[in-house]
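Colleague: Quick one, work06.tsv (TSV, C-alpha atoms):
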```
chain	number	residue	atom	x	y	z
A	1	MET	CA	-132.65	-26.98	130.32
A	2	ALA	CA	-131.54	-25.49	127.02
A	3	LYS	CA	-131.22	-21.72	126.81
A	4	GLY	CA	-131.47	-21.76	123.01
A	5	VAL	CA	-135.21	-20.92	122.95
A	6	THR	CA	-135.61	-17.25	122.04
A	7	HIS	CA	-139.39	-16.92	121.68
A	8	LEU	CA	-142.61	-18.69	122.47
A	9	ASP	CA	-144.07	-20.72	119.64
A	10	GLY	CA	-147.83	-20.21	119.61
A	11	MET	CA	-148.32	-23.23	117.35
A	12	THR	CA	-146.98	-25.81	119.83
A	13	PRO	CA	-147.86	-26.92	123.38
A	14	CYS	CA	-145.85	-25.41	126.23
A	15	THR	CA	-142.33	-26.77	126.73
A	16	ARG	CA	-139.98	-26.63	129.70
A	17	GLU	CA	-137.57	-24.51	127.64
A	18	GLU	CA	-140.31	-21.95	127.04
A	19	VAL	CA	-141.11	-21.87	130.76
A	20	GLY	CA	-137.43	-21.16	131.43
A	21	LEU	CA	-137.49	-18.35	128.86
A	22	VAL	CA	-140.53	-16.72	130.46
A	23	LEU	CA	-139.03	-16.99	133.95
A	24	ARG	CA	-135.67	-15.57	132.82
A	25	GLU	CA	-136.98	-12.81	130.59
A	26	HIS	CA	-140.55	-12.23	131.77
A	27	GLU	CA	-140.41	-8.43	132.24
A	28	ALA	CA	-138.45	-7.76	129.07
A	29	TYR	CA	-140.51	-10.30	127.16
A	30	ILE	CA	-143.84	-8.71	128.04
A	31	ARG	CA	-142.49	-5.28	127.01
A	32	SER	CA	-141.44	-6.78	123.69
A	33	PHE	CA	-145.07	-7.59	122.84
A	34	ALA	CA	-145.99	-3.90	122.60
A	35	ARG	CA	-142.82	-3.10	120.65
A	36	ARG	CA	-143.40	-5.93	118.18
A	37	ARG	CA	-147.07	-4.99	117.71
A	38	GLU	CA	-145.99	-1.39	116.98
A	39	THR	CA	-143.46	-2.71	114.44
A	40	ILE	CA	-146.23	-4.60	112.64
A	41	TYR	CA	-148.43	-1.48	112.53
A	42	THR	CA	-145.51	0.61	111.23
A	43	ALA	CA	-144.91	-1.99	108.53
A	44	ALA	CA	-148.58	-1.75	107.56
A	45	VAL	CA	-148.30	2.02	107.04
A	46	SER	CA	-145.07	1.63	105.04
A	47	MET	CA	-146.64	-1.05	102.86
A	48	ASP	CA	-149.71	1.12	102.25
A	49	GLU	CA	-147.49	3.95	101.08
A	50	ALA	CA	-145.50	1.63	98.81
A	51	ILE	CA	-148.69	0.22	97.29
A	52	ARG	CA	-150.08	3.70	96.64
A	53	GLU	CA	-146.80	4.76	95.00
A	54	ALA	CA	-146.69	1.64	92.82
A	55	ALA	CA	-150.35	2.07	91.81
A	56	TYR	CA	-149.69	5.71	90.94
A	57	ARG	CA	-146.70	4.74	88.80
A	58	ARG	CA	-148.75	2.06	87.09
A	59	ARG	CA	-151.65	4.48	86.49
A	60	TYR	CA	-149.43	7.02	84.78
A	61	GLY	CA	-147.20	4.52	83.01
A	62	ILE	CA	-144.04	5.49	84.91
A	63	GLY	CA	-141.07	3.14	85.12
A	64	GLU	CA	-141.07	-0.64	85.25
A	65	THR	CA	-144.49	-0.93	86.91
A	66	ALA	CA	-146.20	0.60	83.89
A	67	GLY	CA	-148.68	-1.62	82.14
A	68	SER	CA	-152.27	-1.97	81.33
A	69	GLY	CA	-155.01	-4.18	82.53
A	70	ARG	CA	-158.25	-5.26	81.00
A	71	ASP	CA	-158.62	-3.84	77.47
A	72	GLY	CA	-155.41	-1.77	77.83
A	73	ASP	CA	-156.87	0.49	80.53
A	74	PRO	CA	-154.04	1.81	82.78
A	75	VAL	CA	-156.51	2.93	85.46
A	76	TYR	CA	-157.88	-0.60	85.73
A	77	ALA	CA	-154.32	-1.95	85.84
A	78	ALA	CA	-153.44	0.41	88.71
A	79	PHE	CA	-156.61	-0.52	90.60
A	80	ASP	CA	-156.08	-4.24	90.01
A	81	TYR	CA	-152.46	-4.03	91.13
A	82	ALA	CA	-153.31	-2.04	94.28
A	83	GLU	CA	-156.13	-4.42	95.16
A	84	ASP	CA	-153.88	-7.47	94.76
A	85	MET	CA	-151.06	-5.94	96.81
A	86	THR	CA	-153.48	-4.82	99.54
A	87	ARG	CA	-154.89	-8.35	99.78
A	88	ARG	CA	-151.38	-9.79	100.12
A	89	GLN	CA	-150.40	-7.14	102.66
A	90	ARG	CA	-153.50	-7.79	104.75
A	91	SER	CA	-152.88	-11.53	104.73
A	92	TYR	CA	-149.23	-11.11	105.76
A	93	LEU	CA	-149.97	-8.62	108.54
A	94	LEU	CA	-152.92	-10.58	109.90
A	95	ARG	CA	-150.76	-13.71	110.03
A	96	ARG	CA	-148.08	-11.83	111.98
A	97	LEU	CA	-150.66	-10.35	114.36
A	98	ARG	CA	-152.24	-13.78	114.84
A	99	MET	CA	-148.89	-15.36	115.68
A	100	LEU	CA	-148.12	-12.54	118.14
A	101	GLY	CA	-151.56	-12.98	119.72
A	102	LEU	CA	-150.98	-16.71	120.15
A	103	GLU	CA	-147.60	-16.01	121.71
A	104	GLU	CA	-149.22	-13.55	124.15
A	105	ARG	CA	-151.86	-16.13	125.11
A	106	LYS	CA	-149.18	-18.76	125.70
A	107	TYR	CA	-147.20	-16.32	127.84
A	108	GLY	CA	-150.32	-15.63	129.92
A	109	ALA	CA	-151.00	-19.35	130.39
A	110	ILE	CA	-147.41	-19.95	131.54
A	111	MET	CA	-147.64	-17.10	134.04
A	112	GLU	CA	-150.98	-18.46	135.28
A	113	ALA	CA	-149.40	-21.89	135.80
A	114	PHE	CA	-146.47	-20.23	137.59
A	115	GLY	CA	-148.98	-18.45	139.84
A	116	SER	CA	-150.53	-21.78	140.79
A	117	LEU	CA	-147.32	-22.84	142.55
A	118	PRO	CA	-146.95	-22.29	146.29
A	119	PRO	CA	-145.40	-18.88	147.14
A	120	SER	CA	-142.19	-20.50	148.39
A	121	SER	CA	-141.71	-22.28	145.04
A	122	GLN	CA	-142.44	-19.07	143.14
A	123	GLU	CA	-139.86	-17.20	145.21
A	124	PHE	CA	-137.32	-19.98	144.66
A	125	LEU	CA	-137.76	-19.85	140.87
A	126	LEU	CA	-137.62	-16.05	140.78
A	127	ASP	CA	-134.40	-16.14	142.81
A	128	LYS	CA	-132.98	-18.66	140.34
A	129	PHE	CA	-134.08	-17.11	137.06
A	130	LYS	CA	-134.75	-13.43	137.70
A	131	ASN	CA	-132.33	-12.64	140.52
A	132	GLY	CA	-129.57	-14.97	139.24
A	133	MET	CA	-128.65	-16.45	142.61
A	134	THR	CA	-125.91	-19.06	142.67
A	135	ASN	CA	-126.67	-22.63	143.69
A	136	GLU	CA	-125.06	-22.05	147.09
A	137	GLU	CA	-127.16	-18.92	147.70
A	138	LEU	CA	-130.32	-20.73	146.66
A	139	TYR	CA	-129.48	-23.69	148.88
A	140	THR	CA	-128.81	-21.50	151.91
A	141	ARG	CA	-131.95	-19.41	151.39
A	142	HIS	CA	-134.45	-22.10	150.36
A	143	VAL	CA	-133.17	-25.49	151.51
A	144	GLY	CA	-131.15	-24.93	154.66
A	145	LYS	CA	-127.69	-24.42	156.00
A	146	ILE	CA	-124.93	-26.05	154.00
A	147	LEU	CA	-123.45	-28.74	156.22
A	148	PRO	CA	-119.84	-29.99	156.14
A	149	GLY	CA	-120.94	-33.16	154.31
A	150	ASP	CA	-122.73	-31.21	151.56
A	151	THR	CA	-120.36	-31.15	148.62
A	152	GLU	CA	-120.64	-28.59	145.83
A	153	THR	CA	-121.91	-31.37	143.52
A	154	LYS	CA	-124.58	-32.42	146.01
A	155	VAL	CA	-125.78	-28.81	146.45
A	156	LYS	CA	-125.86	-28.27	142.68
A	157	ARG	CA	-127.75	-31.52	142.08
A	158	ARG	CA	-130.41	-30.72	144.73
A	159	ILE	CA	-130.96	-27.22	143.31
A	160	GLU	CA	-131.08	-28.44	139.69
A	161	ASP	CA	-133.50	-31.24	140.63
A	162	ARG	CA	-135.84	-28.77	142.34
A	163	VAL	CA	-135.65	-26.30	139.43
A	164	SER	CA	-136.30	-29.08	136.93
A	165	ARG	CA	-139.26	-30.43	138.94
A	166	LEU	CA	-140.89	-27.01	139.33
A	167	VAL	CA	-140.38	-26.04	135.68
A	168	ARG	CA	-141.87	-29.38	134.62
A	169	GLN	CA	-144.88	-28.72	136.88
A	170	ILE	CA	-145.44	-25.33	135.26
A	171	ALA	CA	-145.22	-26.83	131.76
A	172	GLU	CA	-147.68	-29.58	132.76
A	173	ARG	CA	-150.10	-27.12	134.40
A	174	CYS	CA	-149.98	-24.72	131.47
A	175	THR	CA	-153.45	-24.72	129.92
A	176	TYR	CA	-152.38	-23.30	126.57
A	177	GLU	CA	-153.82	-25.25	123.65
A	178	PRO	CA	-152.29	-24.42	120.26
A	179	PRO	CA	-154.76	-23.91	117.43
A	180	ALA	CA	-155.11	-26.50	114.72
A	181	ARG	CA	-152.84	-25.70	111.80
A	182	THR	CA	-154.09	-25.29	108.30
A	183	ARG	CA	-152.35	-27.19	105.51
A	184	LYS	CA	-150.82	-23.92	104.33
A	185	GLU	CA	-149.37	-23.27	107.81
A	186	ASP	CA	-148.02	-26.82	107.97
A	187	ARG	CA	-146.22	-26.32	104.66
A	188	ARG	CA	-144.88	-22.90	105.67
A	189	LEU	CA	-143.74	-24.02	109.12
A	190	GLY	CA	-142.36	-27.25	107.70
A	191	SER	CA	-140.15	-25.25	105.35
A	192	GLY	CA	-138.53	-23.43	108.26
A	193	GLU	CA	-140.51	-20.17	108.32
A	194	ARG	CA	-141.14	-19.20	111.91
A	195	ARG	CA	-143.21	-16.02	111.70
```
Could you render the structure from this file as structure tokens?
Modeller:
Amino acid sequence: MAKGVTHLDGMTPCTREEVGLVLREHEAYIRSFARRRETIYTAAVSMDEAIREAAYRRRYGIGETAGSGRDGDPVYAAFDYAEDMTRRQRSYLLRRLRMLGLEERKYGAIMEAFGSLPPSSQEFLLDKFKNGMTNEELYTRHVGKILPGDTETKVKRRIEDRVSRLVRQIAERCTYEPPARTRKEDRRLGSGERR
């Protein structure tokens, strides 16, 4: 299972890599939702202030933003500029909040699927991902005593097979359905923009 996944993608169905991410980072990841939401709100305030400053400059003909709108009226130009920038800001921030909301829903669906496993399987996965137990520790605690014929490779393979099977079950049981993408989102996501 690749460890290269760094966030949940709300625009795609659940993957095994995303399940691994949630199991490894679940406490820190859930705390990051509040922090990221606060960052978006802070950006909204900063953008509002920047728009007001730019509109003021445009209204009074200060600096490079000076200009005039319909019939040479600087007040109209300032209003028009502020309205356009506010519309763009709203669109950008709503898109970021939507993507964060989708990510939160996907996280919840993964945790719900994890909760549908038997308690012994949940404990096994938490010991693997959260508690960082070695293969030998996991084998001794969850499979049985390591016997003289059990080589290190055999122990590792049994643990990895069980982890892989359980993670696959979580991904399959995950009920998260990504929303249909708009053409604009397809173009944006196709060009490499993630959020």
Colleague: In Å, how far is it from atom CA of Arg24 of chain A to atom CA of Glu177 of chain A?
Modeller: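 Taking atom CA of Arg24 of chain A as the start and atom CA of Glu177 of chain A as the end point, the length is 22.5 Å.
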Colleague: In Å, with one decimal, what is the gap from atom CA of Val5 of chain A to atom CA of Arg157 of chain A?
Modeller: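 Taking atom CA of Val5 of chain A and atom CA of Arg157 of chain A, their separation equals 23.1 Å.
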Colleague: So the first atom is atom CA of Leu8 of chain A and the second is atom CA of Glu103 of chain A; what is the distance between them in Å, to one decimal place?
Modeller: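 Between atom CA of Leu8 of chain A and atom CA of Glu103 of chain A the gap is 5.7 Å.
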Colleague: Counting all atoms listed in the file, which residue out of A:Ala171, A:Tyr176, A:Tyr139, A:Lys154 sits closest to Glu17 of chain A?
Modeller: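 With all atoms listed in the file as the atom set, the closest residue is A:Ala171.
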Colleague: Could you give me, as a count of residues only, the residues that have an atom at most 7 Å away from the point (-142.8, -24.8, 132.8) in the coordinates of the file, using all atoms listed in the file?
Modeller: 12
Colleague: Of the candidates A:Ile40, A:Met11, A:Ala28, A:Val163, which shows the shortest atom-to-atom distance to Lys106 of chain A, using only C-alpha atoms?
Modeller: A:Met11
Colleague: Can you tell me, as a list in words, what residues are no more than 10 Å from Phe124 of chain A when counting only C-alpha atoms, ignoring any on the same chain fewer than 3 positions away?
Modeller: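 The residues that qualify are Pro119, Ser120, Ser121, Asp127, Lys128, Phe129, Lys130, Asn131, Met133, Leu138, Tyr139, Arg141, His142, Val143, Ile159, Arg162, Val163 and Leu166 of chain A.
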Colleague: Output as lines of an AutoDock Vina configuration file the centre and edge lengths (Å, one decimal) of the box along x, y and z of the file that holds every listed atom of segment 99-111 of chain A after adding 8 Å on each side.
Modeller:
```
center_x = -149.5
center_y = -16.2
center_z = 124.9
size_x = 20.7
size_y = 23.4
size_z = 34.4
```
Colleague: List the spatial neighbours of Arg96 of chain A as a ChimeraX atom specification - criterion: any atom at most 12 Å away, only C-alpha atoms, same-chain residues fewer than 2 positions off excluded.
Modeller: /A:10,36-41,43-44,89-94,98-103,193-195
Colleague: Out of A:Glu104, A:Glu53, A:Asp9, A:Asp150, which residue has the shortest atom-to-atom distance to Met85 of chain A when counting all atoms listed in the file?
Modeller: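 Using all atoms listed in the file, the shortest distance to Met85 of chain A belongs to A:Glu53.
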